[in-house]
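Here is the file final16.txt (compact mmCIF, C-alpha atoms and all ligand atoms).
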# COMPACT_ATOMS: atom_id res chain seq x y z
CA MET A 1 -21.60 23.37 21.76
CA ASN A 2 -24.95 23.33 19.91
CA ASP A 3 -23.11 23.60 16.57
CA PHE A 4 -22.21 19.89 16.84
CA LYS A 5 -22.49 18.20 13.41
CA PRO A 6 -21.93 14.42 13.53
CA GLY A 7 -19.56 13.41 10.73
CA LEU A 8 -18.88 17.16 10.23
CA ASP A 9 -21.89 17.10 7.90
CA GLY A 10 -22.05 20.39 5.99
CA VAL A 11 -19.21 21.94 8.03
CA ILE A 12 -16.84 24.21 6.08
CA ALA A 13 -13.43 22.91 7.16
CA THR A 14 -11.19 25.25 5.17
CA ASP A 15 -11.10 27.74 2.34
CA THR A 16 -9.54 26.44 -0.86
CA ASN A 17 -9.00 27.38 -4.48
CA VAL A 18 -8.44 23.80 -5.64
CA SER A 19 -11.99 22.54 -6.18
CA TYR A 20 -15.64 22.86 -5.22
CA LEU A 21 -18.78 20.73 -5.62
CA ASP A 22 -21.47 23.08 -6.91
CA VAL A 23 -24.34 20.67 -6.40
CA ASP A 24 -27.09 23.14 -7.41
CA ASN A 25 -25.47 23.72 -10.80
CA GLU A 26 -24.30 20.10 -11.11
CA GLU A 27 -20.71 21.19 -11.59
CA ILE A 28 -17.46 19.92 -10.11
CA VAL A 29 -15.28 23.03 -10.24
CA ILE A 30 -11.56 22.30 -10.59
CA ARG A 31 -9.39 25.43 -10.48
CA GLY A 32 -12.24 27.28 -12.23
CA TYR A 33 -12.95 24.65 -14.89
CA ASP A 34 -15.75 22.09 -15.05
CA LEU A 35 -14.25 18.65 -14.35
CA ILE A 36 -16.55 16.95 -16.85
CA GLU A 37 -15.46 19.34 -19.60
CA LEU A 38 -11.84 18.67 -18.66
CA ALA A 39 -12.41 14.90 -18.74
CA GLY A 40 -14.05 15.25 -22.15
CA SER A 41 -11.13 17.00 -23.81
CA LYS A 42 -7.96 16.89 -21.67
CA THR A 43 -5.71 14.05 -20.57
CA TYR A 44 -4.92 13.00 -17.01
CA PRO A 45 -1.43 14.62 -16.97
CA GLU A 46 -2.88 17.92 -18.24
CA VAL A 47 -5.53 17.94 -15.52
CA ALA A 48 -3.01 16.76 -12.89
CA TYR A 49 -0.78 19.70 -13.84
CA LEU A 50 -3.78 22.03 -13.55
CA VAL A 51 -4.76 20.61 -10.16
CA ILE A 52 -1.33 21.00 -8.59
CA ASN A 53 -0.16 24.18 -10.36
CA GLY A 54 -3.43 26.08 -10.77
CA ASN A 55 -3.19 26.52 -14.57
CA LEU A 56 -3.29 24.28 -17.62
CA PRO A 57 0.18 23.52 -19.05
CA ASN A 58 1.54 24.73 -22.38
CA THR A 59 3.14 22.09 -24.61
CA LYS A 60 6.61 22.51 -23.13
CA GLU A 61 5.34 22.38 -19.55
CA LEU A 62 3.22 19.33 -20.34
CA ASN A 63 6.12 17.49 -21.95
CA SER A 64 8.45 18.01 -19.02
CA PHE A 65 5.67 17.16 -16.52
CA GLN A 66 4.84 13.90 -18.36
CA LYS A 67 8.51 13.01 -18.36
CA LEU A 68 8.60 13.40 -14.56
CA LEU A 69 5.48 11.26 -14.17
CA LEU A 70 7.17 8.41 -16.03
CA ASP A 71 10.60 8.86 -14.48
CA ASP A 72 11.64 5.96 -12.25
CA SER A 73 15.32 6.87 -12.09
CA ALA A 74 14.98 7.93 -8.44
CA PHE A 75 12.80 4.93 -7.55
CA PRO A 76 14.95 2.71 -5.30
CA SER A 77 14.77 -0.93 -6.36
CA GLU A 78 15.28 -1.95 -2.68
CA THR A 79 11.65 -0.92 -2.21
CA TYR A 80 10.68 -4.21 -3.81
CA ASP A 81 12.86 -6.19 -1.36
CA LEU A 82 10.87 -4.65 1.47
CA LEU A 83 7.50 -5.13 -0.24
CA ASN A 84 8.34 -8.77 -0.88
CA LEU A 85 8.47 -9.32 2.89
CA ILE A 86 4.83 -8.30 3.31
CA PRO A 87 2.46 -11.30 3.71
CA LYS A 88 1.01 -12.28 0.35
CA SER A 89 -2.46 -12.19 1.90
CA SER A 90 -2.17 -8.39 2.28
CA MET A 91 -4.35 -5.92 0.43
CA VAL A 92 -2.71 -3.94 -2.37
CA MET A 93 -3.58 -0.69 -0.57
CA ASP A 94 -1.52 -1.82 2.44
CA VAL A 95 1.47 -2.69 0.28
CA ILE A 96 1.32 0.74 -1.38
CA ARG A 97 0.96 2.43 2.02
CA THR A 98 4.09 0.64 3.25
CA GLY A 99 5.91 1.59 0.04
CA ILE A 100 5.07 5.27 0.53
CA SER A 101 6.38 5.17 4.12
CA TYR A 102 9.58 3.53 2.94
CA LEU A 103 10.12 5.99 0.10
CA ALA A 104 9.91 8.89 2.57
CA GLY A 105 13.25 7.64 3.95
CA PHE A 106 14.95 8.47 0.66
CA HIS A 107 14.65 12.16 1.50
CA SER A 108 16.89 13.76 4.11
CA GLU A 109 15.08 14.89 7.25
CA GLN A 110 15.64 18.50 6.26
CA ASN A 111 14.23 17.94 2.78
CA LEU A 112 11.31 15.81 3.99
CA MET A 113 10.21 18.38 6.56
CA ASP A 114 10.67 21.35 4.21
CA THR A 115 7.09 22.51 3.55
CA SER A 116 7.94 25.27 1.08
CA GLU A 117 5.86 25.27 -2.11
CA ASN A 118 8.80 24.45 -4.32
CA GLN A 119 9.84 21.44 -2.26
CA ASN A 120 6.25 20.27 -2.00
CA LEU A 121 5.81 20.52 -5.77
CA ASN A 122 8.95 18.44 -6.33
CA LYS A 123 7.97 15.83 -3.75
CA GLY A 124 4.37 15.79 -4.93
CA THR A 125 5.24 15.25 -8.60
CA ARG A 126 7.63 12.50 -7.59
CA LEU A 127 4.90 10.91 -5.45
CA ILE A 128 2.41 10.82 -8.34
CA ALA A 129 4.99 8.83 -10.34
CA GLU A 130 5.94 6.67 -7.35
CA VAL A 131 2.36 5.75 -6.44
CA ALA A 132 1.57 4.66 -10.02
CA ILE A 133 4.67 2.44 -10.06
CA LEU A 134 3.81 1.08 -6.60
CA THR A 135 0.21 0.42 -7.63
CA ALA A 136 1.05 -1.71 -10.64
CA ASN A 137 3.93 -3.54 -8.97
CA SER A 138 2.35 -4.13 -5.53
CA HIS A 139 -0.25 -6.33 -7.14
CA ARG A 140 2.45 -8.10 -9.14
CA ILE A 141 4.48 -8.73 -5.97
CA LEU A 142 1.47 -10.19 -4.12
CA ASN A 143 0.91 -12.52 -7.07
CA GLY A 144 4.53 -13.56 -7.53
CA GLN A 145 4.79 -11.80 -10.90
CA LYS A 146 7.78 -9.98 -12.34
CA ILE A 147 8.24 -6.27 -11.55
CA ILE A 148 7.61 -3.96 -14.52
CA LYS A 149 9.36 -0.66 -15.15
CA PRO A 150 7.54 2.33 -16.67
CA ASP A 151 7.95 2.82 -20.41
CA SER A 152 8.65 6.50 -21.01
CA SER A 153 7.81 6.20 -24.72
CA LYS A 154 4.14 5.81 -23.75
CA THR A 155 1.70 8.37 -22.35
CA PHE A 156 1.10 8.27 -18.59
CA SER A 157 -2.23 6.46 -18.86
CA GLU A 158 -1.11 4.04 -21.55
CA ASN A 159 1.94 3.14 -19.50
CA PHE A 160 -0.07 2.81 -16.29
CA ILE A 161 -2.70 0.44 -17.67
CA SER A 162 -0.05 -1.53 -19.60
CA MET A 163 1.96 -1.98 -16.39
CA ILE A 164 -1.20 -3.13 -14.59
CA LEU A 165 -2.22 -5.61 -17.27
CA GLY A 166 1.30 -6.63 -18.27
CA LYS A 167 0.43 -6.19 -21.95
CA SER A 168 -0.31 -3.45 -24.44
CA VAL A 169 -3.88 -2.26 -24.83
CA SER A 170 -5.98 -0.62 -27.54
CA GLN A 171 -6.21 3.15 -27.89
CA LYS A 172 -9.92 2.98 -27.01
CA GLN A 173 -9.06 1.25 -23.71
CA VAL A 174 -6.34 3.78 -22.95
CA GLU A 175 -8.74 6.62 -23.68
CA ILE A 176 -11.43 5.29 -21.31
CA PHE A 177 -8.86 4.50 -18.62
CA ASP A 178 -7.50 8.05 -18.91
CA LYS A 179 -11.01 9.49 -18.50
CA ILE A 180 -11.57 7.39 -15.39
CA LEU A 181 -8.29 8.64 -13.89
CA THR A 182 -9.34 12.20 -14.71
CA CYS A 183 -12.73 11.75 -13.06
CA TYR A 184 -11.05 10.45 -9.90
CA ILE A 185 -8.40 13.17 -9.77
CA GLU A 186 -9.84 15.65 -7.27
CA HIS A 187 -13.15 16.08 -5.50
CA GLU A 188 -13.15 18.90 -2.93
CA MET A 189 -13.03 17.57 0.65
CA PRO A 190 -13.62 13.82 0.83
CA ASN A 191 -12.45 11.99 3.95
CA SER A 192 -9.00 11.15 2.52
CA THR A 193 -8.27 14.74 1.50
CA PHE A 194 -9.42 15.94 4.89
CA ALA A 195 -7.22 13.31 6.58
CA ALA A 196 -4.21 14.44 4.52
CA ARG A 197 -4.87 18.12 5.33
CA VAL A 198 -5.29 17.40 9.03
CA ILE A 199 -1.90 15.66 9.04
CA ALA A 200 -0.27 18.41 6.96
CA SER A 201 -1.65 21.02 9.37
CA THR A 202 0.82 19.86 12.04
CA LEU A 203 3.52 20.78 9.47
CA SER A 204 4.15 17.09 9.03
CA ASP A 205 5.44 16.06 5.61
CA MET A 206 3.80 15.24 2.27
CA TYR A 207 4.63 11.52 2.57
CA GLY A 208 3.02 11.34 6.02
CA ALA A 209 -0.09 13.07 4.70
CA PHE A 210 -0.25 10.51 1.87
CA VAL A 211 -0.03 7.60 4.31
CA GLY A 212 -3.02 9.05 6.17
CA GLY A 213 -4.85 9.74 2.91
CA ILE A 214 -4.41 6.22 1.56
CA SER A 215 -5.55 4.67 4.86
CA SER A 216 -8.73 6.72 4.66
CA LEU A 217 -9.42 6.08 0.99
CA LYS A 218 -9.20 2.31 1.51
CA GLY A 219 -12.48 2.16 3.46
CA PRO A 220 -15.61 0.81 1.72
CA LEU A 221 -17.59 3.96 2.49
CA HIS A 222 -14.98 5.84 0.41
CA GLY A 223 -12.65 4.47 -2.30
CA GLY A 224 -13.23 0.85 -1.35
CA ALA A 225 -16.76 1.15 -2.74
CA ASN A 226 -15.65 0.44 -6.32
CA GLU A 227 -14.43 -3.05 -5.39
CA ALA A 228 -17.54 -3.70 -3.29
CA ALA A 229 -19.76 -2.59 -6.21
CA ILE A 230 -18.27 -5.03 -8.72
CA HIS A 231 -18.42 -7.86 -6.19
CA MET A 232 -22.14 -7.13 -5.85
CA ILE A 233 -22.76 -7.06 -9.63
CA LEU A 234 -20.86 -10.35 -10.03
CA ASP A 235 -22.76 -11.88 -7.10
CA ILE A 236 -26.06 -10.96 -8.78
CA LYS A 237 -24.80 -12.52 -12.02
CA GLU A 238 -23.78 -15.67 -10.14
CA LYS A 239 -27.15 -15.97 -8.38
CA GLY A 240 -29.32 -15.68 -11.49
CA GLY A 241 -28.42 -12.47 -13.31
CA SER A 242 -30.82 -9.78 -14.46
CA LYS A 243 -33.84 -11.99 -13.64
CA ILE A 244 -33.12 -11.76 -9.91
CA ALA A 245 -31.40 -8.35 -9.78
CA GLU A 246 -34.44 -6.44 -8.56
CA ARG A 247 -35.27 -8.99 -5.83
CA TYR A 248 -31.60 -9.07 -4.76
CA ILE A 249 -31.54 -5.31 -4.16
CA LEU A 250 -34.97 -5.23 -2.50
CA ASP A 251 -33.83 -7.95 -0.07
CA LYS A 252 -30.67 -6.03 0.76
CA LEU A 253 -32.61 -2.83 1.35
CA LYS A 254 -35.09 -4.72 3.53
CA ASN A 255 -32.14 -5.90 5.63
CA LYS A 256 -30.95 -2.28 5.86
CA GLU A 257 -27.79 -3.10 3.93
CA ARG A 258 -25.98 -0.45 1.90
CA ILE A 259 -25.71 -0.76 -1.84
CA MET A 260 -22.14 0.14 -2.65
CA GLY A 261 -21.55 2.73 -5.34
CA PHE A 262 -24.77 4.60 -4.45
CA GLY A 263 -25.33 7.73 -2.41
CA HIS A 264 -22.99 10.54 -1.48
CA ARG A 265 -22.66 12.88 1.48
CA VAL A 266 -22.63 15.99 -0.73
CA TYR A 267 -24.73 14.97 -3.76
CA MET A 268 -27.24 13.21 -1.50
CA LYS A 269 -30.27 12.61 -3.76
CA LYS A 270 -28.62 13.94 -6.93
CA TYR A 271 -26.64 12.18 -9.63
CA ASP A 272 -22.83 12.43 -9.33
CA PRO A 273 -21.81 14.24 -12.58
CA ARG A 274 -18.81 11.90 -12.95
CA ALA A 275 -21.08 8.85 -12.87
CA LEU A 276 -23.40 10.42 -15.44
CA PHE A 277 -20.43 11.15 -17.73
CA LEU A 278 -18.74 7.76 -17.39
CA LYS A 279 -21.76 5.47 -17.67
CA ASP A 280 -21.98 6.12 -21.42
CA TYR A 281 -18.61 4.42 -21.91
CA ILE A 282 -19.91 1.08 -20.61
CA SER A 283 -21.53 0.24 -23.97
CA ASP A 284 -18.18 0.88 -25.69
CA LEU A 285 -16.51 -1.86 -23.65
CA GLU A 286 -19.41 -4.28 -23.29
CA SER A 287 -18.19 -6.59 -26.07
CA ASN A 288 -14.70 -6.79 -24.49
CA ILE A 289 -15.76 -9.52 -22.10
CA GLU A 290 -17.98 -12.55 -21.94
CA ASN A 291 -21.39 -11.66 -20.45
CA GLY A 292 -20.69 -7.94 -20.90
CA GLU A 293 -24.24 -7.23 -22.00
CA GLU A 294 -25.74 -9.17 -19.08
CA LEU A 295 -23.54 -7.33 -16.54
CA HIS A 296 -24.60 -4.04 -18.10
CA ASN A 297 -28.26 -5.08 -17.77
CA ILE A 298 -27.76 -5.92 -14.10
CA TYR A 299 -26.07 -2.53 -13.69
CA LYS A 300 -29.09 -0.75 -15.16
CA ILE A 301 -31.65 -2.70 -13.13
CA VAL A 302 -29.82 -1.95 -9.85
CA GLU A 303 -29.66 1.72 -10.81
CA ASN A 304 -33.41 1.85 -11.53
CA VAL A 305 -34.37 0.02 -8.34
CA MET A 306 -32.20 2.31 -6.20
CA ALA A 307 -33.71 5.43 -7.80
CA ARG A 308 -37.25 4.11 -7.34
CA GLU A 309 -36.88 2.70 -3.82
CA LYS A 310 -34.46 5.12 -2.18
CA GLY A 311 -34.16 8.11 -4.51
CA LEU A 312 -30.40 7.39 -4.52
CA TYR A 313 -28.18 7.59 -7.60
CA PRO A 314 -24.82 6.11 -8.52
CA ASN A 315 -21.68 7.84 -7.36
CA THR A 316 -18.60 7.60 -9.55
CA ASP A 317 -17.52 4.26 -8.07
CA TYR A 318 -20.51 2.44 -9.60
CA PRO A 319 -19.81 2.92 -13.34
CA ILE A 320 -16.05 2.80 -12.75
CA ALA A 321 -16.37 -0.61 -11.09
CA LEU A 322 -17.97 -2.06 -14.24
CA LEU A 323 -15.64 -0.17 -16.59
CA PHE A 324 -12.57 -1.48 -14.74
CA TYR A 325 -14.00 -5.00 -14.97
CA MET A 326 -14.57 -4.59 -18.70
CA LEU A 327 -11.01 -3.28 -19.08
CA GLY A 328 -9.79 -6.53 -17.53
CA ILE A 329 -8.28 -4.84 -14.47
CA PRO A 330 -7.88 -7.19 -11.47
CA ILE A 331 -10.45 -6.26 -8.79
CA PRO A 332 -7.91 -5.76 -5.96
CA LEU A 333 -6.48 -2.88 -8.01
CA TYR A 334 -9.68 -0.82 -8.32
CA THR A 335 -9.25 1.15 -5.09
CA PRO A 336 -5.47 1.51 -5.50
CA ILE A 337 -5.99 3.02 -8.98
CA PHE A 338 -8.48 5.48 -7.48
CA PHE A 339 -5.80 6.47 -4.98
CA ALA A 340 -3.10 6.70 -7.68
CA SER A 341 -5.28 9.16 -9.57
CA ARG A 342 -6.20 11.13 -6.43
CA THR A 343 -2.51 11.74 -5.63
CA ALA A 344 -2.67 14.91 -7.74
CA GLY A 345 -5.53 16.26 -5.62
CA LEU A 346 -3.73 15.37 -2.41
CA VAL A 347 -0.56 17.13 -3.54
CA ALA A 348 -2.55 20.29 -4.29
CA HIS A 349 -4.27 20.21 -0.90
CA VAL A 350 -1.08 19.56 1.09
CA ILE A 351 0.61 22.47 -0.72
CA GLU A 352 -2.36 24.72 0.00
CA GLN A 353 -2.48 23.64 3.65
CA HIS A 354 1.24 24.28 4.15
CA ASN A 355 1.08 27.64 2.34
CA ASN A 356 -1.66 28.98 4.59
CA ASN A 357 -1.59 26.78 7.63
CA ARG A 358 -3.75 26.69 10.69
CA LEU A 359 -3.56 23.58 12.88
CA PHE A 360 -6.78 21.50 12.82
CA ARG A 361 -7.83 21.00 16.42
CA PRO A 362 -11.59 20.68 16.93
CA ARG A 363 -13.50 20.18 20.21
CA VAL A 364 -15.92 17.47 21.36
CA LEU A 365 -19.38 17.12 22.82
CA TYR A 366 -18.45 15.20 25.97
CA THR A 367 -21.02 12.54 26.90
CA GLY A 368 -19.01 10.64 29.55
CA PRO A 369 -19.34 10.79 33.32
CA ARG A 370 -18.01 13.60 35.55
CA GLY A 371 -16.99 13.85 39.14
CA LEU A 372 -16.08 10.22 39.73
CA LYS A 373 -14.18 9.79 43.01
CA LEU A 374 -11.01 7.72 43.29
N1 LIG B 401 -27.49 2.12 0.11
C1 LIG B 401 -28.60 2.10 0.86
N2 LIG B 401 -28.97 3.14 1.65
C2 LIG B 401 -28.19 4.22 1.65
C3 LIG B 401 -27.02 4.30 0.87
C4 LIG B 401 -26.70 3.19 0.08
N3 LIG B 401 -25.60 3.20 -0.66
N4 LIG B 401 -26.44 5.50 1.08
C5 LIG B 401 -27.21 6.17 1.94
N5 LIG B 401 -28.26 5.38 2.29
C6 LIG B 401 -29.34 5.73 3.19
C7 LIG B 401 -28.97 5.40 4.63
O1 LIG B 401 -29.29 4.10 4.98
C8 LIG B 401 -29.77 6.42 5.38
O2 LIG B 401 -31.12 6.02 5.38
P1 LIG B 401 -32.07 6.24 6.64
O3 LIG B 401 -32.10 7.74 6.78
O4 LIG B 401 -33.33 5.62 6.22
O5 LIG B 401 -31.35 5.57 7.77
C9 LIG B 401 -29.70 7.66 4.48
O6 LIG B 401 -29.50 7.16 3.16
C10 LIG B 401 -28.55 8.61 4.85
O7 LIG B 401 -27.35 7.85 4.98
P2 LIG B 401 -26.06 8.36 5.77
O8 LIG B 401 -25.12 7.21 5.93
O9 LIG B 401 -26.45 9.10 6.98
O10 LIG B 401 -25.52 9.42 4.76
P3 LIG B 401 -24.02 9.80 4.56
O11 LIG B 401 -24.03 11.15 3.97
O12 LIG B 401 -23.20 9.61 5.75
O13 LIG B 401 -23.59 8.69 3.45
C11 LIG B 401 -22.19 7.50 2.10
C12 LIG B 401 -22.73 8.88 2.45
C13 LIG B 401 -21.32 7.62 0.86
C14 LIG B 401 -21.36 6.98 3.25
C15 LIG B 401 -23.37 6.54 1.81
O14 LIG B 401 -24.16 7.01 0.76
C16 LIG B 401 -22.91 5.12 1.55
O15 LIG B 401 -22.64 4.36 2.49
N6 LIG B 401 -22.78 4.73 0.23
C17 LIG B 401 -22.25 3.44 -0.12
C18 LIG B 401 -20.73 3.50 -0.14
C19 LIG B 401 -20.22 4.26 -1.34
O16 LIG B 401 -20.67 4.07 -2.44
N7 LIG B 401 -19.19 5.09 -1.09
C20 LIG B 401 -18.54 5.87 -2.16
C21 LIG B 401 -18.79 7.34 -1.95
S1 LIG B 401 -18.44 8.36 -3.36
C22 LIG B 401 -16.87 8.03 -3.91
C23 LIG B 401 -15.85 8.13 -2.86
O17 LIG B 401 -15.73 9.12 -2.17
O18 LIG B 401 -15.11 7.17 -2.70
Kindly return the structure encoded in the file as structure tokens.
Amino acid sequence: MNDFKPGLDGVIATDTNVSYLDVDNEEIVIRGYDLIELAGSKTYPEVAYLVINGNLPNTKELNSFQKLLLDDSAFPSETYDLLNLIPKSSMVMDVIRTGISYLAGFHSEQNLMDTSENQNLNKGTRLIAEVAILTANSHRILNGQKIIKPDSSKTFSENFISMILGKSVSQKQVEIFDKILTCYIEHEMPNSTFAARVIASTLSDMYGAFVGGISSLKGPLHGGANEAAIHMILDIKEKGGSKIAERYILDKLKNKERIMGFGHRVYMKKYDPRALFLKDYISDLESNIENGEELHNIYKIVENVMAREKGLYPNTDYPIALLFYMLGIPIPLYTPIFFASRTAGLVAHVIEQHNNNRLFRPRVLYTGPRGLKL
């Protein structure tokens, strides 16, 4: 048992042809392509199609895929009756998680438990659409606002952000939102993907794997970091702004607190390529909000202090937190939007797990007592 690795650090858990973090070459490989190149020139639905099917779509394939992503004809309106019963103090992630569980019941047992690739592709595509609808409307339900239906005349990203904000947005905003979704889409073997694959490895269903995945992604060491990061930037602003930003971070580090949006198990002391790509868009949105420039300054000071003091760099959640804020997105939706984007990655991994399954069942390093007598 001397191969024990706490947190499975560096352990290869499975083989995959979905994605790979090539840290040495600073590349996030997605089905053979560089994610940053994809985010620079392709839209979220194109990359989602690539992630789940293994190839980029032609125009016809893209059109029919986009249609499915905006199709709510199979979305049962009773879902909202159930979600309305959830305490209004709940977190959006928990409302979505409940919604996913409920939606599983709209498949027959035979269909739900069918793990064939074709069935998984159908369920997975439907889930990407369902989670986006749930994301926008869960927040509306918690805030007593009217439910919104998807508008199939819009692109996926334009519709998604319009449903979230309850109004139409500029093309520039749609473009940046789409790039954020694309950057979040798939990232090798984070905790949520692993959780989903572990569940799928019992030959449990796609919906069950998603419920596990969303529960994992909610945590502040994972997807929850984007909300924690903006709360920190706003707290610095509240307490004195860029003048006190350096002191604020030094104090936190002295108290051994973590700075959310920094560090990464795989990148460790290297810059997350997604964060490097997305940070340039902050200037484009700075004038969208009051104090945009000041928040950007705080952002830069925190980044510099973290590099100097800890040799740690932003992960993708750090720039996205500020970009979401500048896009006017309500903070409780930051982590849910991350999950909504990641659905494509989860679908691909559940399909791959089911297609070539081996049950995950590790061992332990037992540290408890032995030989106790009754
Ligand atoms: N702030 C301050 N110190 C940190 C941070 C941070 N954000 N991240 C790592 N460290 C320090 C940590 O205190 C430890 O120092 P020491 O060796 O002196 O005790 C050292 O770096 C190693 O930390 P670790 O927790 O053993 O490393 P890990 O690989 O388990 O951590 C991590 C990875 C993401 C949990 C961690 O970097 C962290 O807590 N970051 C903040 C949360 C965050 O931003 N999460 C988003 C991750 S990326 C997007 C996603 O997947 O959602």
As a PDB file with C-alpha atoms, in the frame of the given file, please: the residues near Asn143 of chain A (cut-off 12 Å, all atoms listed in the file, same-chain neighbours under 5 positions excluded).
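Generated file (out_2.pdb):
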ATOM      1  CA  ASN A  84       8.340  -8.770  -0.880  1.00  0.00           C
ATOM      2  CA  ILE A  86       4.830  -8.300   3.310  1.00  0.00           C
ATOM      3  CA  PRO A  87       2.460 -11.300   3.710  1.00  0.00           C
ATOM      4  CA  LYS A  88       1.010 -12.280   0.350  1.00  0.00           C
ATOM      5  CA  SER A  89      -2.460 -12.190   1.900  1.00  0.00           C
ATOM      6  CA  SER A  90      -2.170  -8.390   2.280  1.00  0.00           C
ATOM      7  CA  MET A  91      -4.350  -5.920   0.430  1.00  0.00           C
ATOM      8  CA  VAL A  92      -2.710  -3.940  -2.370  1.00  0.00           C
ATOM      9  CA  ALA A 136       1.050  -1.710 -10.640  1.00  0.00           C
ATOM     10  CA  ASN A 137       3.930  -3.540  -8.970  1.00  0.00           C
ATOM     11  CA  SER A 138       2.350  -4.130  -5.530  1.00  0.00           C
ATOM     12  CA  PRO A 330      -7.880  -7.190 -11.470  1.00  0.00           C
ATOM     13  CA  PRO A 332      -7.910  -5.760  -5.960  1.00  0.00           C
TER      14      PRO A 332
END
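Here the question is which of A:Ile128, A:Ile176, A:Ile30, A:Ala104 gets nearest to Thr343 of chain A using only C-alpha atoms, and that residue is A:Ile128.
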Where does chain A meet ligand LIG 401 (chain B) within 9 Å, residue by residue, with the nearest atom pair and distance in Å to one decimal for each, counting all atoms listed in the file, listed by chain and rising number, as a Markdown table?
| residue | atom | partner | partner_atom | distance |
| --- | --- | --- | --- | --- |
| A:Gly7 | CA | B:LIG401 | O12 | 7.2 |
| A:Asp9 | CA | B:LIG401 | O11 | 7.4 |
| A:Tyr184 | CA | B:LIG401 | C22 | 8.7 |
| A:His187 | CA | B:LIG401 | O17 | 8.1 |
| A:Pro190 | CA | B:LIG401 | O17 | 6.0 |
| A:Asn191 | CA | B:LIG401 | O17 | 7.5 |
| A:Ser192 | CA | B:LIG401 | O17 | 8.5 |
| A:Leu217 | CA | B:LIG401 | O18 | 6.9 |
| A:Lys218 | CA | B:LIG401 | O18 | 8.7 |
| A:Gly219 | CA | B:LIG401 | O18 | 8.4 |
| A:Pro220 | CA | B:LIG401 | C18 | 6.1 |
| A:Leu221 | CA | B:LIG401 | N7 | 4.1 |
| A:His222 | CA | B:LIG401 | O18 | 3.4 |
| A:Gly223 | CA | B:LIG401 | O18 | 3.7 |
| A:Gly224 | CA | B:LIG401 | O18 | 6.7 |
| A:Ala225 | CA | B:LIG401 | C19 | 4.9 |
| A:Asn226 | CA | B:LIG401 | O16 | 7.3 |
| A:Ala228 | CA | B:LIG401 | O16 | 8.4 |
| A:Ala229 | CA | B:LIG401 | O16 | 7.7 |
| A:Lys252 | CA | B:LIG401 | C1 | 8.4 |
| A:Leu253 | CA | B:LIG401 | C1 | 6.4 |
| A:Lys256 | CA | B:LIG401 | O1 | 6.7 |
| A:Glu257 | CA | B:LIG401 | C1 | 6.1 |
| A:Arg258 | CA | B:LIG401 | N1 | 3.5 |
| A:Ile259 | CA | B:LIG401 | N1 | 3.9 |
| A:Met260 | CA | B:LIG401 | C17 | 4.2 |
| A:Gly261 | CA | B:LIG401 | O16 | 3.3 |
| A:Phe262 | CA | B:LIG401 | N3 | 4.1 |
| A:Gly263 | CA | B:LIG401 | O14 | 3.5 |
| A:His264 | CA | B:LIG401 | C13 | 4.1 |
| A:Arg265 | CA | B:LIG401 | O11 | 3.3 |
| A:Val266 | CA | B:LIG401 | O11 | 6.9 |
| A:Tyr267 | CA | B:LIG401 | O11 | 8.7 |
| A:Met268 | CA | B:LIG401 | O11 | 6.7 |
| A:Lys269 | CA | B:LIG401 | O6 | 8.8 |
| A:Asp272 | CA | B:LIG401 | S1 | 8.5 |
| A:Met306 | CA | B:LIG401 | N1 | 7.9 |
| A:Lys310 | CA | B:LIG401 | N2 | 7.0 |
| A:Leu312 | CA | B:LIG401 | C3 | 7.1 |
| A:Tyr313 | CA | B:LIG401 | N3 | 8.6 |
| A:Pro314 | CA | B:LIG401 | O16 | 7.6 |
| A:Asn315 | CA | B:LIG401 | S1 | 5.2 |
| A:Thr316 | CA | B:LIG401 | C22 | 5.9 |
| A:Asp317 | CA | B:LIG401 | C22 | 5.7 |
| A:Tyr318 | CA | B:LIG401 | O16 | 7.3 |
| A:Thr335 | CA | B:LIG401 | O18 | 8.7 |
| A:Phe338 | CA | B:LIG401 | O18 | 8.3 |
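We find atom CA of Ala132 of chain A and atom CA of Asn118 of chain A to be spaced 21.8 Å apart.
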Exercise for review: Would you work out the distance separating atom CA of Thr43 of chain A from atom CA of Ser157 of chain A, expressed in Å to one decimal?
Suggested key: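 Atom CA of Thr43 of chain A sits 8.5 Å away from atom CA of Ser157 of chain A.
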Check your understanding: Quick one: of A:Ser162, A:Asn288, A:Ser64, A:Ser341, who's nearest to Ile180 of chain A, counting only C-alpha atoms?
Key -> A:Ser341
Practice item. For atom CA of Ile289 of chain A and atom CA of Cys183 of chain A, determine how far apart the two atoms are, in Å to one decimal place. Key: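 These atoms are spaced 23.3 Å apart.
Of the listed residues A:Asn120, A:Lys149, A:Leu62, A:Leu165, the one whose atoms come nearest to Pro76 of chain A is A:Lys149, with distances taken using only C-alpha atoms.
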